[in-house]
Structures are given as structure tokens and as C-alpha cells.
>>> print(open('target09.txt').read())   # compact mmCIF, C-alpha atoms
# COMPACT_ATOMS: atom_id res chain seq x y z
CA MET V 1 114.66 118.56 54.72
CA HIS V 2 114.77 120.99 57.61
CA ILE V 3 113.79 119.84 61.11
CA HIS V 4 112.99 122.54 63.63
CA ALA V 5 115.05 122.63 66.84
CA TYR V 6 111.98 121.98 69.02
CA GLU V 7 111.12 118.91 66.95
CA LYS V 8 114.64 117.57 67.46
CA LEU V 9 114.32 118.20 71.19
CA TRP V 10 110.97 116.36 71.42
CA LEU V 11 112.28 113.51 69.27
CA ALA V 12 115.33 113.09 71.53
CA ALA V 13 113.16 113.29 74.67
CA SER V 14 110.70 110.67 73.36
CA ILE V 15 113.51 108.27 72.43
CA LEU V 16 115.04 108.75 75.88
CA LEU V 17 111.68 108.04 77.56
CA ILE V 18 111.22 104.87 75.49
CA LEU V 19 114.68 103.65 76.49
CA LEU V 20 113.99 104.44 80.16
CA LEU V 21 110.71 102.49 79.99
CA ILE V 22 112.39 99.47 78.42
CA GLY V 23 115.19 99.67 80.98
CA SER V 24 112.84 99.88 83.95
CA VAL V 25 110.77 96.92 82.76
CA THR V 26 113.92 94.88 82.16
CA TYR V 27 115.30 95.75 85.60
CA GLY V 28 112.00 94.89 87.28
CA ALA V 29 111.96 91.51 85.58
CA VAL V 30 115.55 90.39 86.22
CA GLY V 31 117.28 92.90 88.49
CA PRO V 32 116.28 92.04 92.07
CA GLY V 33 116.85 88.29 91.66
CA VAL V 34 113.25 87.15 92.07
CA ALA V 35 112.78 83.70 90.51
CA MET V 36 109.68 81.63 89.92
CA VAL V 37 109.27 77.95 90.77
CA ALA V 38 110.99 75.58 88.37
CA ALA V 39 108.81 73.30 86.28
CA ASP V 40 110.45 70.20 87.77
CA GLU V 41 109.58 71.25 91.35
CA PRO V 42 107.19 68.71 92.92
CA THR V 43 103.63 69.83 93.68
CA VAL V 44 101.85 69.48 97.01
CA ASP V 45 98.47 67.86 97.60
CA ALA V 46 96.38 70.83 98.77
CA GLN V 47 93.92 68.52 100.55
CA ALA V 48 96.68 66.86 102.58
CA LEU V 49 98.84 69.77 103.71
CA ASP V 50 98.87 68.41 107.27
CA GLU V 51 100.74 65.34 105.97
CA ASP V 52 103.38 67.31 104.05
CA GLU V 53 106.55 67.85 106.11
CA ARG V 54 107.09 71.35 104.67
CA PHE V 55 103.60 72.74 105.24
CA SER V 56 102.18 70.76 108.17
CA GLU V 57 103.50 73.47 110.47
CA PRO V 58 103.85 76.88 108.72
CA ARG V 59 106.97 78.57 110.03
CA VAL V 60 110.06 80.69 109.40
CA GLU V 61 113.37 78.83 109.71
CA ARG V 62 116.87 80.22 109.88
CA VAL V 63 118.93 78.37 107.27
CA GLY V 64 122.14 80.39 107.36
CA GLU V 65 123.70 83.70 108.30
CA ASN V 66 120.97 86.27 107.48
CA GLU V 67 119.12 83.63 105.43
CA TYR V 68 115.65 82.38 106.19
CA ALA V 69 113.09 80.01 104.67
CA ALA V 70 109.41 80.84 105.14
CA TYR V 71 106.88 78.03 104.70
CA VAL V 72 103.57 79.83 104.21
CA VAL V 73 100.05 78.42 103.82
CA ALA V 74 97.37 80.69 102.35
CA TYR V 75 93.68 80.26 103.10
CA GLN V 76 90.59 82.41 102.80
CA PHE V 77 91.24 85.75 104.50
CA GLY V 78 94.64 84.86 105.91
CA PHE V 79 98.11 83.38 105.84
CA GLU V 80 100.04 81.21 108.30
CA PRO V 81 102.39 82.13 109.91
CA SER V 82 101.21 85.63 110.54
CA PRO V 83 103.10 87.88 110.87
CA ILE V 84 106.38 86.85 109.23
CA VAL V 85 109.21 88.66 111.00
CA VAL V 86 112.87 88.48 110.00
CA PRO V 87 115.82 90.79 110.70
CA GLU V 88 116.40 93.67 108.33
CA ASP V 89 118.60 93.01 105.26
CA SER V 90 117.98 89.25 105.43
CA THR V 91 117.49 86.98 102.44
CA VAL V 92 114.17 85.12 102.61
CA THR V 93 113.10 82.23 100.39
CA PHE V 94 109.33 81.78 100.35
CA TYR V 95 107.64 78.40 99.91
CA VAL V 96 103.95 79.20 99.56
CA THR V 97 100.90 77.06 98.87
CA SER V 98 97.15 77.36 99.29
CA ARG V 99 94.59 75.18 101.05
CA ASP V 100 91.58 76.19 99.00
CA VAL V 101 91.65 78.63 96.06
CA ILE V 102 94.07 80.90 94.21
CA HIS V 103 95.34 83.76 96.38
CA GLY V 104 97.59 86.76 95.82
CA PHE V 105 100.84 86.99 97.78
CA GLU V 106 102.79 90.23 98.04
CA VAL V 107 105.78 91.30 100.09
CA VAL V 108 105.14 94.97 100.80
CA GLY V 109 107.96 97.28 99.79
CA THR V 110 109.41 94.86 97.23
CA ASN V 111 108.49 93.73 93.75
CA ALA V 112 107.64 90.23 95.03
CA ASN V 113 104.03 89.73 94.02
CA THR V 114 102.68 86.38 92.84
CA MET V 115 99.67 84.10 92.72
CA VAL V 116 99.44 81.23 95.19
CA VAL V 117 97.88 78.17 93.59
CA PRO V 118 96.61 75.15 95.55
CA GLY V 119 99.37 72.54 95.45
>>> encode(input="target09.txt", output="C-alpha cells")
Amino acid sequence: MHIHAYEKLWLAASILLILLLIGSVTYGAVGPGVAMVAADEPTVDAQALDEDERFSEPRVERVGENEYAAYVVAYQFGFEPSPIVVPEDSTVTFYVTSRDVIHGFEVVGTNANTMVVPG
């Protein structure tokens, strides 16, 4: 069976594109080190956030050299604290919960994008 040179070229290009797609999805899922909450992590009572030591006062804390922890509370049409400002090239761990309904939470310029669920 004879395969034309252009067919070989298109076949090679399509296989390369498929591999690039698989590679980019794999990198986006595991490359930057973004991790979801573990199943054994305790939940928070969304109706009593003022009583929870982590979320009673939304804030950004320095926990080490270039490491920060941001305790964020989402509510309709906003987030606390706002804005969140940390030095460039810092590592930030987000602890986010909602007072009322499910919200979206995105860190612009990164692939950090998640849903914030009450509790």
C-alpha cells in the first residue's frame, strides 16, 4: 500500500498535536502544584463563621520566608479580605469558605480556579 507524502505529513502532524494536547492537560492538572482539600479536612459551619478561629477575621498571615496563608470568606458580590496583597514570587496557601451560596474563586494569572462551598 502506497501512502502519499502529504498524507504522511498530516498523519505525523495530527499525532504530534494529540500528544501536545495530552501533555498540556496533564501539566495543567499536576504541574503547578495546585492541590484540592483532603477528604479528612474538617468542615466549617457556614452559619457560625464568626465563632471559627480561622475565619472570624479574614486576613493574610505571613507563615514563613515568602510564605503566606490567606483566610478568605466569600459572600454575595465580594470577598474578605479585599484586596489580597502579597510580595511577588511568594507562596500562598488559600483557606476559603462561603457564608451563603457556592461562589467561584480565581487567582488571576494562574490556573487556580475553584468553587467555594459553604462550610
>>> residues_around(input="target09.txt", residues="Pro118 in chain V", least_positions_apart="4", cutoff="8 Å", atoms="all atoms listed in the file", output="count of residues only")
9
>>> atom_distance(input="target09.txt", atom1="CA of Leu49 in chain V", atom2="CA of Pro81 in chain V")
14.3 Å
>>> atom_distance(input="target09.txt", atom1="CA of Ala70 in chain V", atom2="CA of Phe94 in chain V")
4.9 Å
>>> atom_distance(input="target09.txt", atom1="CA of Pro58 in chain V", atom2="CA of Val73 in chain V")
6.4 Å
>>> residues_near_point(input="target09.txt", point="(95.1, 84.0, 103.6)", cutoff="9 Å", atoms="all atoms listed in the file", output="PyMOL selection string")
chain V and resi 73-80+98+103-105
